>>> print(open('model.cif').read())   # mmCIF, C-alpha atoms and all ligand atoms
data_work
#
loop_
_atom_site.label_atom_id
_atom_site.label_comp_id
_atom_site.auth_asym_id
_atom_site.auth_seq_id
_atom_site.Cartn_x
_atom_site.Cartn_y
_atom_site.Cartn_z
CA MET A 236 -56.56 6.17 -0.22
CA ALA A 237 -53.96 4.73 -2.55
CA LYS A 238 -52.82 7.03 -5.30
CA LYS A 239 -53.38 6.18 -8.93
CA HIS A 240 -49.78 5.99 -10.15
CA THR A 241 -46.88 4.37 -8.32
CA GLY A 242 -43.19 4.08 -9.00
CA GLN A 243 -39.92 2.97 -7.50
CA CYS A 244 -36.17 2.84 -7.94
CA ALA A 245 -34.46 -0.26 -9.31
CA CYS A 246 -33.93 -1.90 -5.90
CA GLY A 247 -37.34 -0.89 -4.55
CA ALA A 248 -36.07 1.06 -1.53
CA ILE A 249 -37.58 4.29 -2.84
CA THR A 250 -41.28 4.19 -3.64
CA PHE A 251 -43.58 7.06 -4.54
CA ALA A 252 -47.12 7.73 -5.74
CA PHE A 253 -49.26 10.45 -7.34
CA ASP A 254 -52.75 10.91 -8.78
CA THR A 255 -52.16 13.34 -11.62
CA ASP A 256 -52.34 11.76 -15.06
CA PRO A 257 -49.12 12.76 -16.82
CA ASP A 258 -49.76 15.45 -19.39
CA PHE A 259 -46.45 17.10 -20.19
CA VAL A 260 -44.54 13.97 -21.20
CA ALA A 261 -41.30 14.84 -22.96
CA VAL A 262 -38.43 13.04 -24.60
CA CYS A 263 -35.51 15.36 -23.95
CA HIS A 264 -32.27 15.11 -25.88
CA CYS A 265 -30.40 17.82 -23.97
CA LEU A 266 -26.86 17.24 -22.72
CA ASP A 267 -28.00 17.26 -19.09
CA CYS A 268 -30.42 14.43 -19.79
CA LYS A 269 -27.77 12.48 -21.68
CA THR A 270 -25.14 12.68 -18.96
CA ALA A 271 -27.54 12.19 -16.04
CA SER A 272 -29.41 9.27 -17.61
CA GLY A 273 -26.51 7.66 -19.43
CA GLY A 274 -28.64 7.34 -22.54
CA GLU A 275 -29.27 9.37 -25.68
CA ALA A 276 -32.35 11.00 -24.17
CA ALA A 277 -34.55 10.95 -21.08
CA THR A 278 -38.33 10.58 -20.95
CA PHE A 279 -40.05 12.32 -18.09
CA PHE A 280 -43.22 14.18 -17.12
CA GLY A 281 -44.33 16.81 -14.65
CA VAL A 282 -46.41 16.13 -11.55
CA PRO A 283 -47.58 18.86 -9.14
CA GLU A 284 -45.33 18.88 -6.07
CA ALA A 285 -48.43 18.86 -3.84
CA ASP A 286 -49.56 15.55 -5.38
CA PHE A 287 -46.18 13.80 -5.52
CA THR A 288 -45.81 11.64 -2.41
CA LEU A 289 -42.68 9.84 -1.28
CA ILE A 290 -43.81 6.61 0.38
CA SER A 291 -40.55 4.97 1.38
CA GLY A 292 -36.81 5.38 1.12
CA GLN A 293 -34.51 8.36 1.26
CA PRO A 294 -33.57 9.66 -2.15
CA LYS A 295 -30.21 11.37 -2.33
CA ALA A 296 -30.48 14.79 -3.92
CA PHE A 297 -27.74 16.09 -6.17
CA HIS A 298 -28.06 19.82 -6.66
CA TYR A 299 -27.13 20.80 -10.13
CA ILE A 300 -27.12 23.86 -12.36
CA ALA A 301 -28.49 22.91 -15.78
CA GLN A 302 -27.12 24.35 -19.01
CA SER A 303 -30.02 26.81 -18.83
CA GLY A 304 -28.33 28.27 -15.73
CA LYS A 305 -31.27 27.20 -13.53
CA GLY A 306 -30.84 24.99 -10.48
CA LEU A 307 -32.52 21.67 -9.82
CA ASP A 308 -32.16 18.61 -7.59
CA ARG A 309 -31.72 15.22 -9.19
CA ASN A 310 -32.99 12.57 -6.80
CA PHE A 311 -31.58 9.10 -7.02
CA CYS A 312 -31.29 5.98 -4.90
CA ALA A 313 -27.95 5.84 -3.09
CA ASP A 314 -28.18 2.04 -2.98
CA CYS A 315 -29.00 1.11 -6.57
CA GLY A 316 -28.11 4.37 -8.34
CA ALA A 317 -31.42 4.67 -10.20
CA ARG A 318 -32.42 8.22 -11.07
CA VAL A 319 -36.00 8.60 -9.92
CA PHE A 320 -37.22 12.19 -10.04
CA THR A 321 -36.12 15.81 -10.25
CA SER A 322 -37.32 18.48 -7.84
CA ASN A 323 -36.74 22.09 -6.77
CA LEU A 324 -36.55 23.16 -10.39
CA GLU A 325 -35.98 26.88 -10.59
CA SER A 326 -37.52 26.88 -14.06
CA PHE A 327 -40.65 24.93 -13.01
CA PRO A 328 -41.54 25.88 -9.42
CA GLY A 329 -44.05 23.55 -7.79
CA THR A 330 -43.45 20.74 -10.27
CA VAL A 331 -41.62 17.47 -9.81
CA PHE A 332 -40.34 15.72 -12.92
CA VAL A 333 -40.64 11.94 -12.77
CA GLN A 334 -38.57 9.61 -14.92
CA LEU A 335 -40.94 7.46 -16.99
CA GLY A 336 -38.85 4.32 -16.47
CA SER A 337 -39.34 4.45 -12.70
CA LEU A 338 -43.11 3.89 -12.95
CA ASP A 339 -44.59 0.53 -11.98
CA ASN A 340 -47.06 0.79 -14.86
CA ARG A 341 -45.42 2.57 -17.81
CA ALA A 342 -47.92 1.44 -20.43
CA GLY A 343 -50.33 4.10 -21.56
CA ILE A 344 -48.02 7.00 -20.76
CA ALA A 345 -46.52 8.10 -24.03
CA PRO A 346 -44.46 11.17 -24.91
CA LYS A 347 -46.27 14.23 -26.29
CA LEU A 348 -43.25 16.01 -27.70
CA GLU A 349 -39.52 15.89 -28.22
CA MET A 350 -37.30 18.72 -27.07
CA PHE A 351 -33.69 19.86 -27.42
CA THR A 352 -33.72 18.05 -30.74
CA LYS A 353 -30.66 20.12 -31.70
CA ARG A 354 -28.76 17.75 -29.40
CA ARG A 355 -30.29 14.58 -30.85
CA LEU A 356 -27.63 12.21 -32.15
CA ASP A 357 -27.69 11.39 -35.85
CA TRP A 358 -28.74 7.77 -35.39
CA ALA A 359 -31.82 8.63 -33.33
CA LYS A 360 -34.91 8.97 -35.52
CA PRO A 361 -37.51 11.63 -34.66
CA LEU A 362 -40.77 10.31 -33.26
CA ASP A 363 -44.02 11.31 -34.95
CA LEU A 364 -44.54 14.10 -32.40
CA PRO A 365 -44.10 17.89 -32.17
CA GLN A 366 -40.38 18.69 -32.32
CA PHE A 367 -38.70 21.53 -30.44
CA THR A 368 -35.07 22.44 -31.09
CA ASP A 369 -34.81 23.89 -27.58
CA MET A 370 -37.16 24.14 -24.60
CA PRO A 371 -40.83 24.46 -25.70
CA HIS A 372 -42.32 27.87 -24.85
ZN ZN B 1 -32.80 1.73 -5.16
ZN ZN B 2 -33.10 17.40 -20.89
#
>>> encode(input="model.cif", output="C-alpha cells")
Amino acid sequence: MAKKHTGQCACGAITFAFDTDPDFVAVCHCLDCKTASGGEAATFFGVPEADFTLISGQPKAFHYIAQSGKGLDRNFCADCGARVFTSNLESFPGTVFVQLGSLDNRAGIAPKLEMFTKRRLDWAKPLDLPQFTDMPH
C-alpha cells in the first residue's frame, strides 16, 4: 500500500515515503543547519526509521560530527545536490530527520518550535512558537 507522505530530491532521482504524521517539526538555527542547508535555518522533522522507506535512487551519505560531538549521516542527491534526510543520528537512534522542503506536499506540516535560537541572525524574526536557545530537552 502506498504510504501517506512522499518526498524527493530536486531532480527526482531519490524518492521516499512514510506514514507517520510529522510531530517533532523544528526550525533549527544551529551552525550545522546553516552550513549544510546554505540558509539561515533548516526545517525538519523526525520519522521512525522503521517507517521511512527509500523508494528510488541512491542517496550519498556524508558522515559528520555535529557541534554536539554526536555523529550523523547527511544524505543528499549526488546528481542535483539536494539535501534530503539525515540518518544514523547518535543523539536520536531509530529516527530519520527529513527536510521539510523535500516533501511533495509541504502544506499542513508546520513547525512546532524553534531551536538553537542563540544562533539566529539578527534579521530573522522569531515565529510565534516555543523558543529554545539550544536543543530542547
Ligand atoms: Zn536529485
Ligand atoms: Zn540544526
>>> residues_near_ligand(input="model.cif", ligand="ligand ZN 1 (chain B)", cutoff="8 Å", atoms="all atoms listed in the file", output="PyMOL selection string")
chain A and resi 243-249+311-317
>>> write_last_selection(input="model.cif", atoms="C-alpha atoms", output="CSV table (one decimal), in the coordinates of the input")
chain,number,residue,atom,x,y,z
A,243,GLN,CA,-39.9,3.0,-7.5
A,244,CYS,CA,-36.2,2.8,-7.9
A,245,ALA,CA,-34.5,-0.3,-9.3
A,246,CYS,CA,-33.9,-1.9,-5.9
A,247,GLY,CA,-37.3,-0.9,-4.6
A,248,ALA,CA,-36.1,1.1,-1.5
A,249,ILE,CA,-37.6,4.3,-2.8
A,311,PHE,CA,-31.6,9.1,-7.0
A,312,CYS,CA,-31.3,6.0,-4.9
A,313,ALA,CA,-28.0,5.8,-3.1
A,314,ASP,CA,-28.2,2.0,-3.0
A,315,CYS,CA,-29.0,1.1,-6.6
A,316,GLY,CA,-28.1,4.4,-8.3
A,317,ALA,CA,-31.4,4.7,-10.2
>>> residues_near_point(input="model.cif", point="(-37.0, 4.1, -18.7)", cutoff="10 Å", atoms="all atoms listed in the file", output="JSON, numbers by chain")
{"A": [272, 274, 276, 277, 278, 279, 318, 319, 334, 335, 336, 337, 338, 341]}
>>> residues_around(input="model.cif", residues="Arg309 in chain A", least_positions_apart="2", cutoff="7 Å", atoms="only C-alpha atoms", output="number ranges by chain")
A: 296-298, 307, 311, 320-322
>>> write_last_selection(input="model.cif", atoms="C-alpha atoms", output="short mmCIF file (atom, residue, chain, number, x, y, z; two decimals), in the coordinates of the input")
data_model
loop_
_atom_site.label_atom_id
_atom_site.label_comp_id
_atom_site.auth_asym_id
_atom_site.auth_seq_id
_atom_site.Cartn_x
_atom_site.Cartn_y
_atom_site.Cartn_z
CA ALA A 296 -30.48 14.79 -3.92
CA PHE A 297 -27.74 16.09 -6.17
CA HIS A 298 -28.06 19.82 -6.66
CA LEU A 307 -32.52 21.67 -9.82
CA PHE A 311 -31.58 9.10 -7.02
CA PHE A 320 -37.22 12.19 -10.04
CA THR A 321 -36.12 15.81 -10.25
CA SER A 322 -37.32 18.48 -7.84
#
>>> closest_atom_pairs(input="model.cif", of="chain A", to="ligand ZN 2 (chain B)", cutoff="9 Å", atoms="all atoms listed in the file", output="tab-separated table")
residue	atom	partner	partner_atom	distance
A:Ala261	CA	B:ZN2	ZN	8.8
A:Val262	CA	B:ZN2	ZN	7.8
A:Cys263	CA	B:ZN2	ZN	4.4
A:His264	CA	B:ZN2	ZN	5.6
A:Cys265	CA	B:ZN2	ZN	4.1
A:Leu266	CA	B:ZN2	ZN	6.5
A:Asp267	CA	B:ZN2	ZN	5.4
A:Cys268	CA	B:ZN2	ZN	4.1
A:Lys269	CA	B:ZN2	ZN	7.3
A:Ala276	CA	B:ZN2	ZN	7.2
A:Ala277	CA	B:ZN2	ZN	6.6
A:Thr278	CA	B:ZN2	ZN	8.6
A:Ala301	CA	B:ZN2	ZN	8.8
A:Met350	CA	B:ZN2	ZN	7.6
A:Phe351	CA	B:ZN2	ZN	7.0
A:Met370	CA	B:ZN2	ZN	8.7
>>> closest_residue(input="model.cif", among="A:Leu362, A:Ile300, A:Val282, A:Val333", to="Leu348 in chain A", atoms="all atoms listed in the file")
A:Leu362
>>> closest_residue(input="model.cif", among="A:Glu275, A:Phe253, A:Ser291, A:Gly304", to="Thr352 in chain A", atoms="all atoms listed in the file")
A:Glu275
>>> atom_distance(input="model.cif", atom1="CA of Ala285 in chain A", atom2="CA of Val331 in chain A")
9.2 Å
>>> atom_distance(input="model.cif", atom1="CA of Arg355 in chain A", atom2="CA of Gly329 in chain A")
28.3 Å
>>> closest_residue(input="model.cif", among="A:Tyr299, A:Phe332, A:Phe259, A:Phe251", to="Glu284 in chain A", atoms="only C-alpha atoms")
A:Phe332
>>> closest_residue(input="model.cif", among="A:Thr270, A:Ala342, A:Thr250, A:Thr330", to="Pro294 in chain A", atoms="only C-alpha atoms")
A:Thr250
